[in-house]
Amino acid sequence: MDDTERKILEYVHKHKLLIPGNRLLLSLSAGKDSMALLHILMALRDVLMINFEIFHLNHKSRGEASDADEMCVHELAKRLGLPLTIERIDVRCTRPGGSSFEEHARNVRYALAEEIARKRHCDAIATAHTLDDSVETVIMRIFQGTGIHGLCGIEPRRGIIIRPLLCLSSDDVYAYVRARGIQWREDETNRDVRYVRNYVRHTLVPIVKQRFPGYQSAIWRLSKSASEEARLVDNLAGQCYGELVFRRNDEGIFIEFEKISGNELLLKYLLAKAFHELGGYISAAMIDDIMRKLTSRRAHLELFCGRGVRAIKARRDGATIVQVHRYTCAESVSDWEYAISLSLLPCTIEIKETGLHLLCYFADGDFFSLHKTARDIAFIAWSGSEEALVLRNRRKGDRISLSSGTKKIKDLFIDAKLSSQEKRLVPLVEVEGRIAAVLIAMAGGDNNRIADAFLVKHGTKKILAIQRA
C-alpha cells in the first residue's frame with residue numbers, strides 16, 4: 001500500500017464511507033480519475049473487506065469515441081474479473097428544455113446508477129470526484145448565484161453516493177496513474193470551453209492561480225466552514241421544530257410547511273437544502289418564485305419542475321407539506337391509465353405517476369348533499385349499466401361535453417392556469433369512451449369539471465364518488 005492508497009483508506013474511514021461487507025458500484029467513465037479510483041479500490045478491496053462491480057454509461061454523444069470508451073471498460077472489467085453493467089442512452093435526444101447537456105447527462109447517470117445499485121443490492125455508489133472538482137463547483141456556483149449549501153462544495157457522501165477521491169488533487173491523481181502506467185481515455189469535449197465547468201477549469205482557474213496560488217486551500221476552508229454552519233442550522237431547526245420537520249425517504253424529501261410557514265428564512269434554507277441533497281441546482285430567484293407560489297390557497301400545487309428535480313405543495317396525513325423529489329424526462333411526458341371494475345368498489349387507487357391516492361365508492365343522496373361543494377370529492381351520476389371506468393391523463397384531442405357546450409380539455413387546463421407538468425397529472429374519468437369528469441382539483445386546480453350527462457341531479461339513483469385519500 002503506497003502513500004496515496006493509505007490516504008484514501010484514512011479518508012474512507014474518517015467519513016465512514018464504507019464498512020466491511022459492503023457491496024459497491026463504481027461509476028467508471030474510462031477517464032483518468034475513475035481509472036485511478038478503480039485501481040485504488042482493487043488495492044484496498046481486501047483491507048476494506050468489500051466487493052465491488054462496475055457501471056458504465058455510454059451516452060453516445062461522441063460517436064465512435066463513446067463506443068471506444070465502452071469497449072475499454074468492457075475489456076478491463078473482463079480482465080479484472082469484475083461484474084459490469086453497461087447502459088446506452090443518447091442523452092442529447094432526451095435532454096429537456098432549460099437543462100444543459102452536462103447537467104442532463106449527470107442526472108441520467110446518477111438515476112441509472114441508483115437503479116442498478118438497487119437491482120444489484122449495492123450499498124453505495126462511488127464516483128471519482130477530486131478536490132479540484134469540488135473547488136471548481138464552488139467557483140461555478142458563486143458566479144451562477146448560490147447560498148450556503150452551494151458553498152459546501154462536493155461532499156464525501158450524498159445519500160448512497162460516495163466520493164473517496166475528494167482528498168486528492170488532480171495532480172495527485174495524475175502522479176498516481178503515471179507512476180503505475182495506468183492507461184486512460186481522454187474525452188476531447190473536456191477541452192471545450194463552451195461548457196461552464198471547462199471554462200472555469202481551463203480559462204478562469206489559471207488566471208486565479210497566478211494571482212492567488214493558495215486559492216484551492218482557501219476555497220476548501222470556505223467549504224468546510226459552510227458545511228459546519230449548515231450543520232449548526234440543521235441542529236437548531238431540529239431543536240426548535242422537531243427532527244421530522246425535514247425528512248427523507250424513497251419518495252423524496254418532505255418539509256413540514258405548516259409547522260414553519262411563519263419562518264421564511266428557515267423555509268428558504270430547507271428548500272435549498274432539499275435541492276442540494278438531490279443533486280439539483282437552485283438559485284435565489286428560483287427559491288423566491290417557490291415562496292411566492294406557496295402563498296396560494298391551493299392545497300396541491302406544483303412549485304418547480306426542471307433540472308431533474310420537482311417540488312410540489314401537497315396534503316399528507318392532514319398537514320400541508322412541500323415534497324421535493326427527482327424526476328426523469330420520461331416521467332414528465334408518459335401516459336398513464338388505470339381501469340377500475342365497479343365490482344371492486346369501494347377501493348383505493350394509487351396513481352404512481354402522480355403520487356395521488358383516490359378512493360372510489362358509491363354514495364347516497366344525503367352524503368352528496370352534505371359534501372357536494374367539497375373540492376377533494378367528485379360526484380358522478382351513474383346509470384347502472386356501465387361495469388367499469390378508466391382513470392387516465394389527457395390525450396391529444398380529448399373533449400368534454402358541458403352544459404355550456406363541448407370544450408377541449410386543453411382549454412380547460414389553460415383556463416385553470418396549470419403548468420405543463422400539472423396538465424399531465426390531472427386524472428380524467430372515462431366511461432365507455434366518454435369523458436365523464438376532469439378532476440382538476442385533485443391535481444391542484446380550483447374546481448373539478450363534470451360532463452353534463454354525468455351531473456348528479458334530482459332523482460339520480462346511483463352516485464359514484466371519487467375522493468382524494
# chains A, B, ... in the order shown; residues from 1 in each chain; ligands from 1
$ residues_around --residues "A:Ile50" --least-positions-apart "4" --cutoff "6 Å" --atoms "only C-alpha atoms" --output "JSON, numbers by chain"
{"A": [20, 21, 22, 23, 45]}
$ write_last_selection --atoms "C-alpha atoms" --output "mmCIF file, in the first residue's frame"
data_model
loop_
_atom_site.group_PDB
_atom_site.id
_atom_site.type_symbol
_atom_site.label_atom_id
_atom_site.label_comp_id
_atom_site.auth_asym_id
_atom_site.auth_seq_id
_atom_site.Cartn_x
_atom_site.Cartn_y
_atom_site.Cartn_z
ATOM 1 C CA PRO A 20 -16.798 -4.271 5.998
ATOM 2 C CA GLY A 21 -19.175 -6.367 3.959
ATOM 3 C CA ASN A 22 -20.393 -3.504 1.763
ATOM 4 C CA ARG A 23 -21.066 -4.090 -1.919
ATOM 5 C CA ARG A 45 -10.507 -4.270 -1.537
#
$ closest_atom_pairs --of "stretch 412-452 of chain A" --to "stretch 371-389 of chain A" --cutoff "9 Å" --atoms "only C-alpha atoms" --output "CSV"
residue,atom,partner,partner_atom,distance
A:Val429,CA,A:Leu389,CA,6.9
A:Glu430,CA,A:Leu389,CA,5.8
A:Val431,CA,A:Leu389,CA,5.0
A:Glu432,CA,A:Leu389,CA,7.3
A:Ala436,CA,A:Ile380,CA,7.5
A:Ala437,CA,A:Ile380,CA,7.7
A:Leu439,CA,A:Ala378,CA,7.3
A:Ala441,CA,A:Arg375,CA,6.1
A:Met442,CA,A:Asp376,CA,6.2
A:Asp446,CA,A:Arg375,CA,7.6
A:Asn447,CA,A:Arg375,CA,6.5
A:Asn448,CA,A:Ala378,CA,6.8
A:Arg449,CA,A:Ala378,CA,8.5
A:Ile450,CA,A:Ile380,CA,7.2
A:Ala451,CA,A:Ile380,CA,8.7
$ residues_around --residues "A:Gly262" --least-positions-apart "3" --cutoff "12 Å" --atoms "only C-alpha atoms" --output "list of chain:residue names"
A:Tyr241, A:Glu256, A:Phe257, A:Glu258, A:Lys259, A:Leu265, A:Leu266, A:Leu267, A:Lys268, A:Met291, A:Leu294, A:Thr295
$ residues_around --residues "A:Leu25" --least-positions-apart "3" --cutoff "6 Å" --atoms "only C-alpha atoms" --output "VMD selection string"
chain A and resid 52 to 54 125
$ write_last_selection --atoms "C-alpha atoms" --output "PDB file, in the first residue's frame"
ATOM      1  CA  PHE A  52     -17.439  -4.017  -5.924  1.00  0.00           C
ATOM      2  CA  GLU A  53     -18.614  -4.007  -9.509  1.00  0.00           C
ATOM      3  CA  ILE A  54     -18.660  -1.517 -12.380  1.00  0.00           C
ATOM      4  CA  ILE A 125     -22.120   4.136  -5.494  1.00  0.00           C
TER       5      ILE A 125
END
$ residues_around --residues "A:Cys240" --least-positions-apart "5" --cutoff "12 Å" --atoms "only C-alpha atoms" --output "count of residues only"
8
$ residues_around --residues "A:Leu44" --least-positions-apart "5" --cutoff "12 Å" --atoms "only C-alpha atoms" --output "PyMOL selection string"
chain A and resi 1-2+4-10+12+18+20+37-39+49-52+164
$ select_by_dssp --residues "stretch 100-209 of chain A" --states "alpha helix (DSSP H)" --output "tab-separated table (two decimals) with N, CA and C atoms, in the first residue's frame"
chain	number	residue	atom	x	y	z
A	101	PHE	N	-26.43	20.15	-21.39
A	101	PHE	CA	-26.04	18.76	-21.68
A	101	PHE	C	-25.34	18.15	-20.47
A	102	GLU	N	-24.41	18.90	-19.86
A	102	GLU	CA	-23.68	18.37	-18.70
A	102	GLU	C	-24.63	17.99	-17.58
A	103	GLU	N	-25.55	18.88	-17.30
A	103	GLU	CA	-26.49	18.67	-16.20
A	103	GLU	C	-27.38	17.47	-16.47
A	104	HIS	N	-27.91	17.38	-17.68
A	104	HIS	CA	-28.80	16.27	-18.02
A	104	HIS	C	-28.05	14.95	-18.01
A	105	ALA	N	-26.85	14.93	-18.58
A	105	ALA	CA	-26.06	13.70	-18.59
A	105	ALA	C	-25.77	13.22	-17.17
A	106	ARG	N	-25.46	14.17	-16.28
A	106	ARG	CA	-25.20	13.81	-14.88
A	106	ARG	C	-26.45	13.24	-14.22
A	107	ASN	N	-27.62	13.87	-14.45
A	107	ASN	CA	-28.86	13.38	-13.86
A	107	ASN	C	-29.19	11.98	-14.34
A	108	VAL	N	-29.03	11.75	-15.65
A	108	VAL	CA	-29.29	10.42	-16.21
A	108	VAL	C	-28.35	9.38	-15.61
A	109	ARG	N	-27.06	9.75	-15.53
A	109	ARG	CA	-26.05	8.82	-14.99
A	109	ARG	C	-26.35	8.44	-13.54
A	110	TYR	N	-26.69	9.43	-12.72
A	110	TYR	CA	-26.99	9.15	-11.33
A	110	TYR	C	-28.27	8.31	-11.19
A	111	ALA	N	-29.29	8.64	-11.97
A	111	ALA	CA	-30.55	7.90	-11.89
A	111	ALA	C	-30.34	6.44	-12.27
A	112	LEU	N	-29.59	6.21	-13.34
A	112	LEU	CA	-29.32	4.84	-13.76
A	112	LEU	C	-28.47	4.10	-12.74
A	113	ALA	N	-27.45	4.77	-12.21
A	113	ALA	CA	-26.57	4.14	-11.22
A	113	ALA	C	-27.36	3.72	-9.99
A	114	GLU	N	-28.27	4.58	-9.53
A	114	GLU	CA	-29.05	4.24	-8.35
A	114	GLU	C	-30.02	3.09	-8.63
A	115	GLU	N	-30.58	3.06	-9.84
A	115	GLU	CA	-31.47	1.96	-10.21
A	115	GLU	C	-30.70	0.64	-10.25
A	116	ILE	N	-29.51	0.67	-10.84
A	116	ILE	CA	-28.68	-0.55	-10.92
A	116	ILE	C	-28.22	-0.97	-9.53
A	117	ALA	N	-27.87	0.00	-8.69
A	117	ALA	CA	-27.44	-0.32	-7.33
A	117	ALA	C	-28.54	-1.06	-6.57
A	118	ARG	N	-29.78	-0.64	-6.76
A	118	ARG	CA	-30.89	-1.33	-6.09
A	118	ARG	C	-31.03	-2.75	-6.61
A	119	LYS	N	-30.97	-2.89	-7.93
A	119	LYS	CA	-31.14	-4.23	-8.53
A	119	LYS	C	-30.00	-5.16	-8.14
A	131	LEU	N	-10.60	16.85	-5.34
A	131	LEU	CA	-10.62	18.17	-4.70
A	131	LEU	C	-10.78	19.27	-5.75
A	132	ASP	N	-10.13	19.12	-6.90
A	132	ASP	CA	-10.26	20.12	-7.98
A	132	ASP	C	-11.70	20.25	-8.43
A	133	ASP	N	-12.40	19.12	-8.54
A	133	ASP	CA	-13.81	19.15	-8.95
A	133	ASP	C	-14.64	19.94	-7.95
A	134	SER	N	-14.37	19.72	-6.65
A	134	SER	CA	-15.14	20.41	-5.62
A	134	SER	C	-14.88	21.91	-5.66
A	135	VAL	N	-13.62	22.30	-5.80
A	135	VAL	CA	-13.27	23.73	-5.87
A	135	VAL	C	-13.91	24.38	-7.09
A	136	GLU	N	-13.84	23.71	-8.23
A	136	GLU	CA	-14.45	24.24	-9.46
A	136	GLU	C	-15.96	24.40	-9.28
A	137	THR	N	-16.57	23.44	-8.59
A	137	THR	CA	-18.01	23.51	-8.36
A	137	THR	C	-18.38	24.73	-7.54
A	138	VAL	N	-17.60	25.02	-6.50
A	138	VAL	CA	-17.87	26.21	-5.68
A	138	VAL	C	-17.72	27.48	-6.51
A	139	ILE	N	-16.68	27.56	-7.32
A	139	ILE	CA	-16.47	28.74	-8.17
A	139	ILE	C	-17.65	28.93	-9.12
A	140	MET	N	-18.08	27.83	-9.76
A	140	MET	CA	-19.22	27.90	-10.67
A	140	MET	C	-20.46	28.41	-9.95
A	141	ARG	N	-20.71	27.88	-8.77
A	141	ARG	CA	-21.92	28.25	-8.02
A	141	ARG	C	-21.88	29.71	-7.57
A	142	ILE	N	-20.70	30.20	-7.22
A	142	ILE	CA	-20.59	31.60	-6.80
A	142	ILE	C	-21.02	32.52	-7.94
A	143	PHE	N	-20.55	32.23	-9.16
A	143	PHE	CA	-20.88	33.10	-10.28
A	143	PHE	C	-22.30	32.88	-10.80
A	144	GLN	N	-22.85	31.68	-10.58
A	144	GLN	CA	-24.22	31.42	-11.01
A	144	GLN	C	-25.23	31.89	-9.98
A	148	ILE	N	-25.53	29.01	1.15
A	148	ILE	CA	-24.58	28.28	1.99
A	148	ILE	C	-24.36	26.85	1.52
A	149	HIS	N	-25.41	26.20	0.99
A	149	HIS	CA	-25.25	24.81	0.55
A	149	HIS	C	-24.35	24.71	-0.69
A	150	GLY	N	-24.46	25.70	-1.57
A	150	GLY	CA	-23.59	25.69	-2.74
A	150	GLY	C	-22.14	25.89	-2.38
A	151	LEU	N	-21.88	26.65	-1.31
A	151	LEU	CA	-20.51	26.88	-0.87
A	151	LEU	C	-19.89	25.64	-0.23
A	170	SER	N	-6.12	16.92	-8.53
A	170	SER	CA	-5.95	16.34	-9.86
A	170	SER	C	-4.49	15.98	-10.12
A	171	ASP	N	-3.56	16.79	-9.60
A	171	ASP	CA	-2.13	16.49	-9.75
A	171	ASP	C	-1.76	15.21	-9.01
A	172	ASP	N	-2.36	15.00	-7.83
A	172	ASP	CA	-2.12	13.76	-7.08
A	172	ASP	C	-2.55	12.54	-7.89
A	173	VAL	N	-3.73	12.65	-8.51
A	173	VAL	CA	-4.26	11.53	-9.30
A	173	VAL	C	-3.37	11.28	-10.51
A	174	TYR	N	-2.94	12.36	-11.15
A	174	TYR	CA	-2.07	12.21	-12.32
A	174	TYR	C	-0.76	11.51	-11.95
A	175	ALA	N	-0.18	11.90	-10.82
A	175	ALA	CA	1.06	11.27	-10.37
A	175	ALA	C	0.85	9.79	-10.10
A	176	TYR	N	-0.31	9.44	-9.55
A	176	TYR	CA	-0.61	8.04	-9.22
A	176	TYR	C	-0.71	7.18	-10.48
A	177	VAL	N	-1.47	7.65	-11.47
A	177	VAL	CA	-1.66	6.82	-12.67
A	177	VAL	C	-0.37	6.74	-13.50
A	178	ARG	N	0.40	7.83	-13.54
A	178	ARG	CA	1.64	7.80	-14.31
A	178	ARG	C	2.67	6.87	-13.67
A	179	ALA	N	2.72	6.87	-12.33
A	179	ALA	CA	3.70	6.02	-11.64
A	179	ALA	C	3.41	4.54	-11.86
A	180	ARG	N	2.15	4.20	-12.12
A	180	ARG	CA	1.76	2.80	-12.28
A	180	ARG	C	1.49	2.41	-13.73
A	196	VAL	N	-19.59	25.13	-19.06
A	196	VAL	CA	-19.24	26.01	-17.94
A	196	VAL	C	-18.06	25.47	-17.13
A	197	ARG	N	-18.10	24.19	-16.78
A	197	ARG	CA	-17.01	23.64	-15.96
A	197	ARG	C	-15.67	23.72	-16.70
A	198	ASN	N	-15.69	23.44	-17.98
A	198	ASN	CA	-14.44	23.51	-18.74
A	198	ASN	C	-13.92	24.94	-18.82
A	199	TYR	N	-14.83	25.91	-18.93
A	199	TYR	CA	-14.40	27.31	-18.94
A	199	TYR	C	-13.74	27.68	-17.62
A	205	VAL	N	-9.60	29.38	-13.79
A	205	VAL	CA	-8.71	28.91	-12.72
A	205	VAL	C	-7.24	29.28	-12.97
A	206	PRO	N	-6.71	29.12	-14.18
A	206	PRO	CA	-5.31	29.50	-14.40
A	206	PRO	C	-5.04	30.98	-14.09
A	207	ILE	N	-6.00	31.86	-14.39
A	207	ILE	CA	-5.83	33.29	-14.08
A	207	ILE	C	-5.83	33.49	-12.57
A	208	VAL	N	-6.77	32.87	-11.88
A	208	VAL	CA	-6.85	33.00	-10.42
A	208	VAL	C	-5.59	32.44	-9.77
A	209	LYS	N	-5.11	31.32	-10.29
A	209	LYS	CA	-3.94	30.65	-9.70
A	209	LYS	C	-2.70	31.52	-9.78
$ decode --residues "stretch 291-361 of chain A" --atoms "C-alpha atoms" --output "tab-separated table (two decimals), in the first residue's frame"
chain	number	residue	atom	x	y	z
A	291	MET	CA	-42.01	31.08	-1.89
A	292	ARG	CA	-44.44	33.20	-3.92
A	293	LYS	CA	-46.35	30.11	-5.09
A	294	LEU	CA	-46.57	28.80	-1.53
A	295	THR	CA	-48.82	31.76	-0.63
A	296	SER	CA	-51.54	30.25	-2.85
A	297	ARG	CA	-54.51	28.73	-1.03
A	298	ARG	CA	-54.45	25.74	-3.34
A	299	ALA	CA	-53.79	22.55	-1.36
A	300	HIS	CA	-51.97	20.77	-4.17
A	301	LEU	CA	-49.65	22.79	-6.39
A	302	GLU	CA	-46.54	22.30	-8.48
A	303	LEU	CA	-43.86	24.68	-7.21
A	304	PHE	CA	-40.97	23.82	-9.52
A	305	CYS	CA	-40.16	21.31	-12.23
A	306	GLY	CA	-36.84	21.22	-14.06
A	307	ARG	CA	-33.15	20.36	-13.85
A	308	GLY	CA	-34.06	16.83	-12.79
A	309	VAL	CA	-35.92	17.95	-9.64
A	310	ARG	CA	-39.61	18.59	-8.95
A	311	ALA	CA	-41.15	20.34	-5.94
A	312	ILE	CA	-44.86	20.23	-5.06
A	313	LYS	CA	-47.12	21.52	-2.32
A	314	ALA	CA	-49.48	18.80	-1.12
A	315	ARG	CA	-51.59	17.49	1.73
A	316	ARG	CA	-50.19	14.49	3.57
A	317	ASP	CA	-51.67	12.97	6.74
A	318	GLY	CA	-53.83	16.04	7.27
A	319	ALA	CA	-50.94	18.51	7.05
A	320	THR	CA	-49.57	20.70	4.26
A	321	ILE	CA	-46.09	19.68	3.18
A	322	VAL	CA	-43.57	20.52	0.49
A	323	GLN	CA	-42.25	17.44	-1.30
A	324	VAL	CA	-39.08	17.62	-3.38
A	325	HIS	CA	-38.09	14.62	-5.48
A	326	ARG	CA	-36.13	13.67	-8.55
A	327	TYR	CA	-37.86	13.18	-11.85
A	328	THR	CA	-36.76	11.98	-15.25
A	329	CYS	CA	-37.62	13.20	-18.70
A	330	ALA	CA	-39.73	10.11	-19.32
A	331	GLU	CA	-41.71	10.81	-16.17
A	332	SER	CA	-42.77	14.21	-17.43
A	333	VAL	CA	-44.26	13.00	-20.73
A	334	SER	CA	-45.53	9.47	-20.12
A	335	ASP	CA	-49.17	8.47	-20.50
A	336	TRP	CA	-50.85	6.55	-17.73
A	337	GLU	CA	-54.16	4.71	-17.41
A	338	TYR	CA	-55.93	2.67	-14.71
A	339	ALA	CA	-59.05	0.55	-15.33
A	340	ILE	CA	-61.38	0.09	-12.34
A	341	SER	CA	-64.03	-2.61	-12.11
A	342	LEU	CA	-67.09	-1.40	-10.23
A	343	SER	CA	-67.42	-4.83	-8.63
A	344	LEU	CA	-64.30	-3.97	-6.58
A	345	LEU	CA	-65.75	-0.81	-5.04
A	346	PRO	CA	-65.03	0.60	-2.57
A	347	CYS	CA	-61.33	0.65	-3.37
A	348	THR	CA	-58.32	2.96	-3.30
A	349	ILE	CA	-56.35	3.52	-6.49
A	350	GLU	CA	-52.72	4.62	-6.27
A	351	ILE	CA	-51.71	6.57	-9.37
A	352	LYS	CA	-47.97	6.01	-9.16
A	353	GLU	CA	-47.16	8.57	-11.85
A	354	THR	CA	-48.72	11.41	-9.85
A	355	GLY	CA	-48.47	10.28	-6.24
A	356	LEU	CA	-52.26	10.62	-5.91
A	357	HIS	CA	-54.34	8.12	-3.93
A	358	LEU	CA	-58.01	8.17	-5.00
A	359	LEU	CA	-60.79	6.45	-3.03
A	360	CYS	CA	-63.67	5.28	-5.22
A	361	TYR	CA	-67.04	4.34	-3.69
